[in-house]
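*Asks:* Input structure: data_11.txt, which contains compact mmCIF, C-alpha atoms.
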```txt
# COMPACT_ATOMS: atom_id res chain seq x y z
CA MET A 57 0.00 0.00 0.00
CA THR A 58 1.28 3.48 -0.87
CA GLU A 59 1.27 6.36 1.63
CA PRO A 60 -2.31 6.47 3.02
CA ILE A 61 -4.29 9.64 2.43
CA ILE A 62 -5.85 9.30 5.92
CA ALA A 63 -4.65 7.24 8.88
CA PHE A 64 -6.07 6.78 12.38
CA LYS A 65 -3.64 5.38 14.93
CA ASN A 66 -5.05 4.28 18.31
CA VAL A 67 -7.72 7.00 18.24
CA THR A 68 -10.04 7.20 21.23
CA LYS A 69 -12.71 9.85 21.78
CA VAL A 70 -14.41 10.49 25.10
CA PHE A 71 -17.02 13.20 25.59
CA GLU A 72 -15.85 14.61 28.90
CA ASP A 73 -19.16 16.14 29.93
CA SER A 74 -20.85 12.73 29.95
CA GLU A 75 -17.76 10.51 30.15
CA THR A 76 -19.14 8.64 27.16
CA VAL A 77 -16.56 6.69 25.15
CA VAL A 78 -17.67 7.12 21.53
CA LEU A 79 -14.55 5.76 19.82
CA LYS A 80 -12.42 2.93 21.21
CA ASN A 81 -8.85 2.64 19.93
CA ILE A 82 -9.67 3.07 16.22
CA ASN A 83 -7.01 2.11 13.66
CA PHE A 84 -7.31 2.26 9.87
CA GLU A 85 -5.62 3.55 6.73
CA LEU A 86 -7.38 4.90 3.63
CA GLU A 87 -5.86 4.81 0.16
CA LYS A 88 -6.04 7.72 -2.25
CA GLY A 89 -8.82 7.80 -4.80
CA LYS A 90 -11.21 5.26 -3.29
CA PHE A 91 -14.78 5.37 -2.02
CA TYR A 92 -14.95 4.44 1.67
CA THR A 93 -18.09 4.03 3.74
CA LEU A 94 -18.53 4.15 7.50
CA LEU A 95 -21.62 2.04 8.10
CA GLY A 96 -23.45 1.69 11.38
CA ALA A 97 -26.52 2.51 13.41
CA SER A 98 -27.05 5.82 15.15
CA GLY A 99 -24.54 6.26 17.97
CA SER A 100 -22.01 3.77 16.57
CA GLY A 101 -19.32 6.46 16.17
CA LYS A 102 -19.25 6.86 12.38
CA SER A 103 -20.04 10.60 12.31
CA THR A 104 -17.53 11.17 15.11
CA ILE A 105 -14.79 9.77 12.86
CA LEU A 106 -15.92 12.08 10.06
CA ASN A 107 -15.89 15.12 12.35
CA ILE A 108 -12.41 14.26 13.63
CA ILE A 109 -11.08 14.08 10.07
CA ALA A 110 -12.73 17.44 9.33
CA GLY A 111 -11.26 18.99 12.48
CA LEU A 112 -14.64 19.67 14.07
CA LEU A 113 -13.77 17.37 16.98
CA ASP A 114 -10.48 16.73 18.78
CA VAL A 115 -9.28 13.25 19.71
CA THR A 116 -8.91 12.29 23.36
CA SER A 117 -5.89 10.14 22.54
CA GLY A 118 -4.19 8.80 19.44
CA ASP A 119 -3.08 10.42 16.20
CA VAL A 120 -4.73 11.40 12.90
CA TYR A 121 -2.73 11.79 9.69
CA LEU A 122 -3.64 13.44 6.39
CA ASP A 123 -1.32 12.59 3.49
CA GLY A 124 1.44 11.64 5.91
CA ARG A 125 1.14 14.74 8.08
CA ARG A 126 -0.12 14.59 11.68
CA ILE A 127 -3.14 16.91 11.84
CA ASN A 128 -4.33 16.62 15.46
CA ASP A 129 -3.69 20.33 16.02
CA VAL A 130 -4.32 21.61 12.48
CA PRO A 131 -7.39 23.92 12.34
CA VAL A 132 -10.37 23.19 10.12
CA HIS A 133 -9.59 25.76 7.42
CA LYS A 134 -6.06 24.44 6.96
CA ARG A 135 -7.08 20.84 6.31
CA ASP A 136 -7.40 19.95 2.64
CA VAL A 137 -10.80 18.29 3.13
CA HIS A 138 -14.38 19.38 2.50
CA THR A 139 -17.56 18.15 4.18
CA VAL A 140 -21.02 17.71 2.63
CA PHE A 141 -23.45 17.80 5.56
CA GLN A 142 -26.82 16.09 5.83
CA ASN A 143 -28.62 19.45 5.55
CA TYR A 144 -26.13 20.60 2.84
CA ALA A 145 -25.35 23.87 4.78
CA LEU A 146 -26.06 26.05 1.73
CA PHE A 147 -26.50 29.84 1.94
CA PRO A 148 -30.21 30.46 1.17
CA HIS A 149 -29.71 34.12 0.26
CA MET A 150 -27.16 33.24 -2.44
CA THR A 151 -27.59 31.89 -5.95
CA VAL A 152 -26.26 28.53 -7.12
CA PHE A 153 -23.22 30.28 -8.62
CA GLU A 154 -22.51 32.22 -5.44
CA ASN A 155 -22.77 29.12 -3.24
CA VAL A 156 -20.37 27.11 -5.39
CA ALA A 157 -17.98 30.05 -5.82
CA PHE A 158 -17.80 30.82 -2.09
CA PRO A 159 -14.65 28.74 -1.32
CA LEU A 160 -12.85 30.33 -4.27
CA LYS A 161 -13.76 33.85 -3.16
CA LEU A 162 -12.26 33.09 0.25
CA LYS A 163 -9.02 32.37 -1.60
CA LYS A 164 -9.40 35.71 -3.40
CA LEU A 165 -9.06 34.26 -6.91
CA ASN A 166 -9.80 36.55 -9.84
CA LYS A 167 -13.32 36.66 -11.28
CA GLN A 168 -12.39 34.99 -14.57
CA GLU A 169 -10.85 31.94 -12.87
CA ILE A 170 -13.76 31.70 -10.45
CA ALA A 171 -16.28 31.76 -13.31
CA GLN A 172 -14.42 29.07 -15.22
CA ARG A 173 -14.02 26.72 -12.28
CA VAL A 174 -17.62 27.15 -11.14
CA GLN A 175 -18.82 26.34 -14.64
CA GLU A 176 -16.70 23.19 -14.72
CA ALA A 177 -18.02 22.07 -11.31
CA LEU A 178 -21.65 22.69 -12.29
CA GLU A 179 -21.19 20.70 -15.48
CA LEU A 180 -19.81 17.79 -13.47
CA VAL A 181 -22.96 17.70 -11.32
CA ARG A 182 -25.31 18.47 -14.24
CA LEU A 183 -26.48 21.90 -13.01
CA GLU A 184 -25.33 24.02 -15.93
CA GLY A 185 -27.87 26.72 -16.74
CA LEU A 186 -28.99 27.12 -13.12
CA GLU A 187 -26.23 29.49 -12.05
CA LYS A 188 -28.59 32.38 -11.21
CA ARG A 189 -31.27 30.33 -9.46
CA ARG A 190 -31.83 30.86 -5.73
CA ILE A 191 -31.42 27.90 -3.39
CA GLN A 192 -35.06 28.10 -2.28
CA LYS A 193 -36.14 27.43 -5.86
CA LEU A 194 -34.22 24.15 -6.14
CA SER A 195 -35.41 20.59 -5.56
CA GLY A 196 -33.80 18.38 -2.92
CA GLY A 197 -31.67 16.62 -5.52
CA GLN A 198 -30.51 19.91 -7.03
CA ARG A 199 -29.54 21.27 -3.61
CA GLN A 200 -27.54 18.13 -2.99
CA ARG A 201 -25.69 18.65 -6.28
CA VAL A 202 -24.89 22.25 -5.33
CA ALA A 203 -23.39 21.04 -2.06
CA ILE A 204 -21.27 18.49 -3.91
CA ALA A 205 -20.14 21.06 -6.50
CA ARG A 206 -19.04 23.36 -3.68
CA ALA A 207 -17.23 20.44 -2.02
CA ILE A 208 -15.18 19.58 -5.13
CA ILE A 209 -14.55 23.11 -6.44
CA ASN A 210 -11.09 23.21 -4.82
CA ARG A 211 -10.33 19.58 -5.66
CA PRO A 212 -9.62 18.70 -2.01
CA LYS A 213 -7.67 15.60 -1.07
CA VAL A 214 -10.70 14.17 0.73
CA VAL A 215 -14.46 14.75 0.50
CA LEU A 216 -16.44 13.83 3.61
CA LEU A 217 -20.14 13.06 3.18
CA ASP A 218 -22.34 12.84 6.30
CA GLU A 219 -25.52 11.01 5.22
CA PRO A 220 -26.14 13.49 2.38
CA LEU A 221 -28.82 11.33 0.72
CA SER A 222 -31.02 10.66 3.74
CA ALA A 223 -33.48 13.49 3.02
CA LEU A 224 -34.17 12.37 -0.57
CA ASP A 225 -37.03 10.16 -1.72
CA LEU A 226 -36.22 6.57 -2.72
CA GLN A 227 -36.01 7.06 -6.49
CA LEU A 228 -33.91 10.23 -6.27
CA ARG A 229 -31.72 8.65 -3.62
CA THR A 230 -30.97 5.72 -5.93
CA GLU A 231 -30.14 8.07 -8.80
CA MET A 232 -27.80 10.10 -6.61
CA GLN A 233 -26.01 6.94 -5.47
CA TYR A 234 -25.02 6.28 -9.09
CA GLU A 235 -24.10 9.91 -9.66
CA LEU A 236 -21.92 10.16 -6.55
CA ARG A 237 -20.08 6.96 -7.37
CA THR A 238 -19.51 8.01 -10.99
CA LEU A 239 -18.36 11.48 -9.92
CA GLN A 240 -15.88 10.05 -7.42
CA GLN A 241 -14.40 7.76 -10.04
CA ARG A 242 -14.08 10.61 -12.57
CA LEU A 243 -12.38 12.95 -10.10
CA GLY A 244 -10.19 10.38 -8.38
CA ILE A 245 -10.75 12.11 -5.03
CA THR A 246 -11.00 10.03 -1.85
CA PHE A 247 -14.61 9.99 -0.62
CA VAL A 248 -15.48 9.06 2.98
CA PHE A 249 -19.22 8.44 3.20
CA VAL A 250 -21.31 7.97 6.35
CA THR A 251 -24.58 6.05 6.22
CA HIS A 252 -26.80 3.70 8.22
CA ASP A 253 -28.25 2.25 5.00
CA GLN A 254 -26.73 -1.17 4.25
CA GLU A 255 -27.87 -1.34 0.62
CA GLU A 256 -26.44 2.13 -0.02
CA ALA A 257 -23.08 1.09 1.41
CA LEU A 258 -22.95 -2.13 -0.60
CA ALA A 259 -23.86 -0.35 -3.84
CA MET A 260 -21.42 2.56 -3.66
CA SER A 261 -18.29 1.52 -1.80
CA ASP A 262 -14.84 0.20 -2.59
CA TRP A 263 -14.37 -0.56 1.10
CA ILE A 264 -16.74 -0.62 4.07
CA PHE A 265 -16.08 -0.17 7.78
CA VAL A 266 -18.93 -1.67 9.81
CA MET A 267 -19.18 0.11 13.17
CA ASN A 268 -20.90 -0.81 16.40
CA ASP A 269 -20.61 0.78 19.83
CA GLY A 270 -17.54 2.88 18.97
CA GLU A 271 -15.56 0.09 17.33
CA ILE A 272 -14.89 -1.14 13.79
CA VAL A 273 -16.23 -4.67 13.98
CA GLN A 274 -15.38 -5.60 10.39
CA ALA A 275 -13.75 -3.96 7.37
CA GLY A 276 -13.67 -5.22 3.81
CA SER A 277 -15.04 -4.97 0.29
CA PRO A 278 -18.84 -5.06 -0.11
CA VAL A 279 -18.62 -8.68 -1.31
CA ASP A 280 -16.43 -9.66 1.67
CA ILE A 281 -18.74 -7.99 4.17
CA TYR A 282 -21.86 -9.59 2.69
CA ASP A 283 -20.48 -13.08 2.00
CA GLU A 284 -18.16 -13.41 5.02
CA PRO A 285 -19.74 -11.64 8.02
CA ILE A 286 -17.46 -11.88 11.03
CA ASN A 287 -20.14 -12.29 13.67
CA HIS A 288 -23.86 -12.33 14.43
CA PHE A 289 -24.11 -8.53 14.49
CA VAL A 290 -22.65 -8.08 11.00
CA ALA A 291 -24.64 -10.99 9.56
CA THR A 292 -27.92 -9.46 10.75
CA PHE A 293 -27.02 -5.82 10.13
CA ILE A 294 -25.84 -6.37 6.54
CA GLY A 295 -28.75 -7.74 4.55
CA GLU A 296 -31.02 -10.52 5.77
CA SER A 297 -29.83 -13.89 6.98
CA ASN A 298 -30.94 -17.27 8.24
CA ILE A 299 -28.76 -17.96 11.28
CA LEU A 300 -28.84 -21.33 13.00
CA PRO A 301 -26.75 -23.06 15.69
CA GLY A 302 -24.46 -25.75 14.35
CA THR A 303 -21.45 -27.94 15.01
CA MET A 304 -18.29 -28.08 12.92
CA ILE A 305 -17.69 -31.81 12.57
CA ALA A 306 -14.45 -31.34 10.63
CA ASP A 307 -13.03 -29.01 8.00
CA TYR A 308 -15.65 -28.55 5.27
CA LEU A 309 -18.31 -30.55 7.14
CA VAL A 310 -20.93 -28.91 9.35
CA GLU A 311 -23.98 -30.22 11.18
CA PHE A 312 -27.17 -28.27 11.73
CA ASN A 313 -30.86 -29.17 11.83
CA GLY A 314 -29.78 -32.66 12.78
CA LYS A 315 -28.07 -33.26 9.42
CA ARG A 316 -24.55 -32.98 8.06
CA PHE A 317 -23.70 -30.81 5.06
CA GLU A 318 -20.62 -30.09 2.99
CA ALA A 319 -19.30 -26.55 3.44
CA VAL A 320 -16.33 -24.52 2.22
CA ASP A 321 -15.15 -23.18 5.59
CA GLY A 322 -12.54 -24.72 7.82
CA GLY A 323 -9.99 -23.94 10.51
CA MET A 324 -12.24 -24.74 13.48
CA GLU A 325 -11.78 -27.37 16.14
CA PRO A 326 -13.61 -30.71 15.64
CA GLN A 327 -17.04 -30.57 17.29
CA GLU A 328 -16.75 -26.80 17.77
CA ALA A 329 -20.05 -24.98 18.26
CA VAL A 330 -20.65 -22.45 15.48
CA GLU A 331 -23.36 -20.36 13.87
CA VAL A 332 -24.48 -21.20 10.34
CA VAL A 333 -25.54 -18.41 7.98
CA ILE A 334 -27.47 -18.91 4.74
CA ARG A 335 -28.74 -15.87 2.86
CA PRO A 336 -32.43 -16.04 1.81
CA GLU A 337 -31.62 -15.54 -1.89
CA ASP A 338 -29.33 -18.61 -1.81
CA LEU A 339 -32.18 -20.97 -0.94
CA GLN A 340 -33.71 -22.76 -3.93
CA ILE A 341 -37.28 -24.09 -3.72
CA THR A 342 -37.62 -27.71 -4.84
CA LEU A 343 -39.98 -30.64 -4.47
CA PRO A 344 -39.91 -31.83 -0.84
CA LYS A 345 -37.97 -35.05 -1.50
CA ALA A 346 -35.42 -33.23 -3.70
CA GLY A 347 -34.50 -30.69 -1.02
CA LYS A 348 -31.77 -30.91 1.60
CA LEU A 349 -34.37 -29.61 4.05
CA GLN A 350 -38.16 -29.66 4.15
CA VAL A 351 -40.15 -26.68 5.44
CA ARG A 352 -43.81 -25.67 5.67
CA VAL A 353 -44.75 -22.29 4.19
CA ASP A 354 -46.37 -19.92 6.69
CA THR A 355 -46.62 -16.60 4.82
CA GLN A 356 -45.44 -14.97 1.64
CA LEU A 357 -45.33 -11.40 0.34
CA PHE A 358 -44.69 -10.21 -3.20
CA ARG A 359 -41.79 -7.72 -3.20
CA GLY A 360 -41.75 -6.88 -6.91
CA VAL A 361 -38.56 -8.69 -7.92
CA HIS A 362 -39.15 -11.73 -5.72
CA TYR A 363 -41.48 -13.41 -3.27
CA GLU A 364 -40.52 -13.15 0.39
CA ILE A 365 -41.47 -16.44 2.04
CA ILE A 366 -41.39 -17.35 5.72
CA ALA A 367 -41.42 -21.04 6.55
CA HIS A 368 -40.63 -23.37 9.47
CA ASP A 369 -38.87 -26.72 9.52
CA GLU A 370 -39.66 -29.74 11.66
CA LEU A 371 -37.47 -28.37 14.47
CA ASN A 372 -39.47 -25.12 14.37
CA ASN A 373 -36.55 -23.09 12.98
CA GLU A 374 -37.78 -20.13 10.96
CA TRP A 375 -36.53 -19.76 7.39
CA LEU A 376 -36.63 -16.63 5.25
CA ILE A 377 -36.62 -17.38 1.52
CA HIS A 378 -36.37 -15.00 -1.43
CA SER A 379 -37.56 -16.67 -4.61
CA THR A 380 -39.04 -15.82 -7.99
CA ARG A 381 -41.18 -18.92 -7.56
CA LYS A 382 -44.52 -18.46 -5.87
CA ALA A 383 -45.37 -20.76 -2.98
CA ILE A 384 -48.67 -21.72 -1.39
CA GLU A 385 -49.31 -21.05 2.27
CA GLY A 386 -49.45 -24.32 4.17
CA GLU A 387 -47.61 -26.42 1.57
CA VAL A 388 -44.44 -28.36 2.32
CA ILE A 389 -41.51 -27.47 0.06
CA GLY A 390 -37.90 -28.55 -0.21
CA LEU A 391 -34.96 -26.20 0.18
CA ASP A 392 -31.72 -26.77 -1.69
CA PHE A 393 -28.42 -24.90 -1.34
CA ARG A 394 -24.78 -25.35 -2.34
CA PRO A 395 -21.80 -25.84 -0.01
CA GLU A 396 -20.57 -22.32 -0.89
CA ASP A 397 -23.94 -20.91 0.23
CA ILE A 398 -23.21 -22.04 3.80
CA HIS A 399 -21.15 -19.56 5.80
CA ILE A 400 -19.73 -20.59 9.16
CA MET A 401 -19.19 -18.09 11.97
CA ARG A 402 -17.16 -18.94 15.05
CA LEU A 403 -18.64 -17.89 18.36
CA ASN A 404 -16.88 -14.88 19.89
CA GLU A 405 -14.16 -14.84 17.22
CA SER A 406 -12.09 -11.67 17.23
CA LYS A 407 -11.55 -9.55 14.13
CA ALA A 408 -7.85 -10.51 14.04
CA GLU A 409 -8.63 -14.23 14.34
CA PHE A 410 -11.26 -13.99 11.60
CA GLU A 411 -8.94 -12.18 9.18
CA ALA A 412 -6.08 -14.61 9.88
CA ARG A 413 -8.34 -17.60 9.24
CA ILE A 414 -9.73 -16.19 6.01
CA GLU A 415 -6.24 -15.26 4.78
CA GLU A 416 -4.97 -18.76 5.60
CA TYR A 417 -7.69 -20.42 3.56
CA VAL A 418 -7.27 -18.00 0.66
CA ASP A 419 -3.58 -18.93 0.62
CA LEU A 420 -4.48 -22.62 0.73
CA ASP A 421 -6.94 -22.23 -2.14
CA GLU A 422 -4.32 -20.43 -4.24
CA HIS A 423 -1.78 -23.15 -3.42
CA GLU A 424 -4.23 -25.89 -4.41
CA GLU A 425 -5.11 -24.04 -7.61
CA GLY A 426 -1.40 -23.77 -8.45
CA LEU A 427 -0.93 -27.50 -7.93
CA LEU A 428 -3.91 -28.31 -10.13
CA ASN A 429 -2.60 -26.06 -12.90
CA ALA A 430 0.84 -27.66 -12.65
CA ILE A 431 -0.66 -31.15 -12.84
CA ALA A 432 -2.75 -30.14 -15.88
CA LYS A 433 0.42 -28.91 -17.60
CA GLY A 434 2.32 -32.09 -16.71
CA GLU A 435 4.73 -30.24 -14.45
CA LYS A 436 4.03 -32.40 -11.40
```
Write out the structure in this file as structure tokens.
*Replies:*
Amino acid sequence: MTEPIIAFKNVTKVFEDSETVVLKNINFELEKGKFYTLLGASGSGKSTILNIIAGLLDVTSGDVYLDGRRINDVPVHKRDVHTVFQNYALFPHMTVFENVAFPLKLKKLNKQEIAQRVQEALELVRLEGLEKRRIQKLSGGQRQRVAIARAIINRPKVVLLDEPLSALDLQLRTEMQYELRTLQQRLGITFVFVTHDQEEALAMSDWIFVMNDGEIVQAGSPVDIYDEPINHFVATFIGESNILPGTMIADYLVEFNGKRFEAVDGGMEPQEAVEVVIRPEDLQITLPKAGKLQVRVDTQLFRGVHYEIIAHDELNNEWLIHSTRKAIEGEVIGLDFRPEDIHIMRLNESKAEFEARIEEYVDLDEHEEGLLNAIAKGEK
């Protein structure tokens, strides 16, 4: 990894008036030019991290670095970052042009350069032609674009976004997700995005930090976070899951619901108690005898792209199923799934233990793949 654009080293934040610990020994490094998301529920500490980067909050202990420089004592206006707030913080008495041009006027640039750079920023966010319009006359989506244009006008090293889409309706919010992601890729600026919306984080991010109670409980790509949740909290917070108690019989063999199934996880002790996760979209409806499990359908709802089915098995475990196939309430159906659809979570496994185990099995897979390729070529 090259020099990180932002680094947190053993950062703790305590609000002294209430003695509340909001961040607990946070460590991470962010690469230049990527889209990062801090994901968590209200009070998890994600906005506190954003405000520390911006300089709006001081750390209680630890160090914060921007492009290799320690910035703990650097004031807000001297940090090469810009924040887009949830309420956009636009000046209502100014026009679109005046709002976007404001950071440039503070730098006392000449009028010609200001006009050119504002025009370029407005074109990037598709607001050309609205330069003279007052903020009160804009829609929610247009106001959001003005805030983004103002954030990028100086091409800062980092753009911080504190739930900027939360006030938009669903359709506009989805459109702005695509626009923000495309804009970030075009500019190559590091974006740090705060949200409590799991689907939003999965759709937009290069890398996600899942936060809970002032700690980063898991970090990884959207695929890693969704397919390999580290614990029960992440598995339930990111998407929907069927989680059942199980026993790891041996590597790649797990027992749950009184039956044994092939899996792709390993590294546990024989007979170790585990939790088994199967995502609802990975369950295939079959005839009862053809399924690995049999369940009775209780309810179903049509969600537009799929049916959401709730069923129970003979042990009274509840199963959530997403399927394009319609079921009938009260009927018995079979459920089929592949070994790679079964994810195993160790009980009380630490983040470091989880990452070491995953890395070990990735290395093993690559080694096995190399051997198979060598055998195919007659080298072994």
*Asks:* How close does each residue of stretch 197-233 of chain A get to stretch 150-172 of chain A, giving the shortest atom pair and distance in Å to one decimal for every residue with an atom at most 10 Å away, counting all atoms listed in the file, sorted by chain and residue number, as JSON lines?
*Replies:*
```
{"residue": "A:Gln198", "atom": "CA", "partner": "A:Val152", "partner_atom": "CA", "distance": 9.6}
{"residue": "A:Arg199", "atom": "CA", "partner": "A:Val152", "partner_atom": "CA", "distance": 8.7}
{"residue": "A:Arg201", "atom": "CA", "partner": "A:Val152", "partner_atom": "CA", "distance": 9.9}
{"residue": "A:Val202", "atom": "CA", "partner": "A:Val156", "partner_atom": "CA", "distance": 6.6}
{"residue": "A:Ala203", "atom": "CA", "partner": "A:Val156", "partner_atom": "CA", "distance": 7.6}
{"residue": "A:Ile204", "atom": "CA", "partner": "A:Val156", "partner_atom": "CA", "distance": 8.8}
{"residue": "A:Ala205", "atom": "CA", "partner": "A:Val156", "partner_atom": "CA", "distance": 6.2}
{"residue": "A:Arg206", "atom": "CA", "partner": "A:Val156", "partner_atom": "CA", "distance": 4.3}
{"residue": "A:Ala207", "atom": "CA", "partner": "A:Val156", "partner_atom": "CA", "distance": 8.1}
{"residue": "A:Ile208", "atom": "CA", "partner": "A:Val156", "partner_atom": "CA", "distance": 9.1}
{"residue": "A:Ile209", "atom": "CA", "partner": "A:Val156", "partner_atom": "CA", "distance": 7.1}
{"residue": "A:Asn210", "atom": "CA", "partner": "A:Leu160", "partner_atom": "CA", "distance": 7.4}
```
*Asks:* So which residues are close to (-43.2, -11.5, -5.5), meaning at most 8 Å away in the file's coordinates with only C-alpha atoms counted, and can you show them as a PyMOL selection string?
*Replies:* chain A and resi 357-364+379-382
*Asks:* Please produce a file of those selected residues containing C-alpha atoms, as a PDB file, in the coordinates of the input.
*Replies:*
```pdb
ATOM      1  CA  LEU A 357     -45.330 -11.400   0.340  1.00  0.00           C
ATOM      2  CA  PHE A 358     -44.690 -10.210  -3.200  1.00  0.00           C
ATOM      3  CA  ARG A 359     -41.790  -7.720  -3.200  1.00  0.00           C
ATOM      4  CA  GLY A 360     -41.750  -6.880  -6.910  1.00  0.00           C
ATOM      5  CA  VAL A 361     -38.560  -8.690  -7.920  1.00  0.00           C
ATOM      6  CA  HIS A 362     -39.150 -11.730  -5.720  1.00  0.00           C
ATOM      7  CA  TYR A 363     -41.480 -13.410  -3.270  1.00  0.00           C
ATOM      8  CA  GLU A 364     -40.520 -13.150   0.390  1.00  0.00           C
ATOM      9  CA  SER A 379     -37.560 -16.670  -4.610  1.00  0.00           C
ATOM     10  CA  THR A 380     -39.040 -15.820  -7.990  1.00  0.00           C
ATOM     11  CA  ARG A 381     -41.180 -18.920  -7.560  1.00  0.00           C
ATOM     12  CA  LYS A 382     -44.520 -18.460  -5.870  1.00  0.00           C
TER      13      LYS A 382
END
```
*Asks:* For the interface of stretch 64-113 of chain A with stretch 239-245 of chain A (cut-off 12 Å, counting all atoms listed in the file), please tabulate each contacting residue of stretch 64-113 of chain A alongside its nearest pair of atoms and their separation in Å to one decimal, rows sorted by chain and increasing number, as CSV.
*Replies:*
```
residue,atom,partner,partner_atom,distance
A:Leu86,CA,A:Ile245,CA,11.8
A:Glu87,CA,A:Ile245,CA,10.2
A:Lys88,CA,A:Ile245,CA,7.0
A:Gly89,CA,A:Gly244,CA,4.6
A:Lys90,CA,A:Ile245,CA,7.1
A:Phe91,CA,A:Gln240,CA,7.2
A:Tyr92,CA,A:Gln240,CA,10.7
```
*Asks:* Return the single residue from A:Val174, A:Leu371, A:Val353, A:Leu183 that is closest to A:Glu385, with distances computed using only C-alpha atoms.
*Replies:* A:Val353
*Asks:* Show which residues sit within 9 Å of stretch 263-268 of chain A, as a ChimeraX atom specification. Count only C-alpha atoms, and ignore same-chain residues fewer than 2 positions away.
*Replies:* /A:90-97,99-102,257-258,261,270-278,281,289-290,294
*Asks:* If you measure from atom CA of A:Asn143 to atom CA of A:Ile191, what distance in Å do you get, rounded to one decimal?
*Replies:*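 About the pair atom CA of A:Asn143 and atom CA of A:Ile191: they are 12.6 Å apart.
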*Asks:* Name the closest residue to A:Ile299 among the candidates A:Ile398, A:Val78, A:Val250, A:Leu194; distances are taken between atoms, counting all atoms listed in the file.
*Replies:*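 Checking each candidate against A:Ile299, we get A:Ile398 as the closest.
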*Asks:* Using atom CA of A:Leu122 and atom CA of A:Glu85 as the two end points, give the distance in Å to one decimal.
*Replies:*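 A separation of 10.1 Å between them.
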*Asks:* Go through A:Asp307, A:Leu216, A:Arg211, A:Met260 one by one, measure the shortest atom-to-atom distance of each to A:Glu235 using all atoms listed in the file, and give the residue with the smallest value.
*Replies:*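 Residue with the minimum atom-to-atom distance to A:Glu235: A:Met260.
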*Asks:* Identify the residues around (-28.6, -29.4, 13.8) within a radius of 10 Å, measuring from all atoms listed in the file in the coordinates stated by the file, and give them as a ChimeraX atom specification.
*Replies:* /A:300-303,310-316,332,371
*Asks:* Tell me, as a ChimeraX atom specification, which residues lie within 12 Å of A:Ile365, counting all atoms listed in the file; anything in the same chain fewer than 5 positions away does not count.
*Replies:* /A:336-337,339-341,351-359,374-387,389,391
*Asks:* Would you work out the distance separating atom CA of A:Pro131 from atom CA of A:Asp114, expressed in Å to one decimal?
*Replies:*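 We find that atom CA of A:Pro131 and atom CA of A:Asp114 lie 10.1 Å from each other.
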*Asks:* So, counting only C-alpha atoms, which residue among A:His133, A:His149, A:Pro212, A:Gln233 is closest to A:Gln192?
*Replies:*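 Selected residue with least distance to A:Gln192: A:His149.
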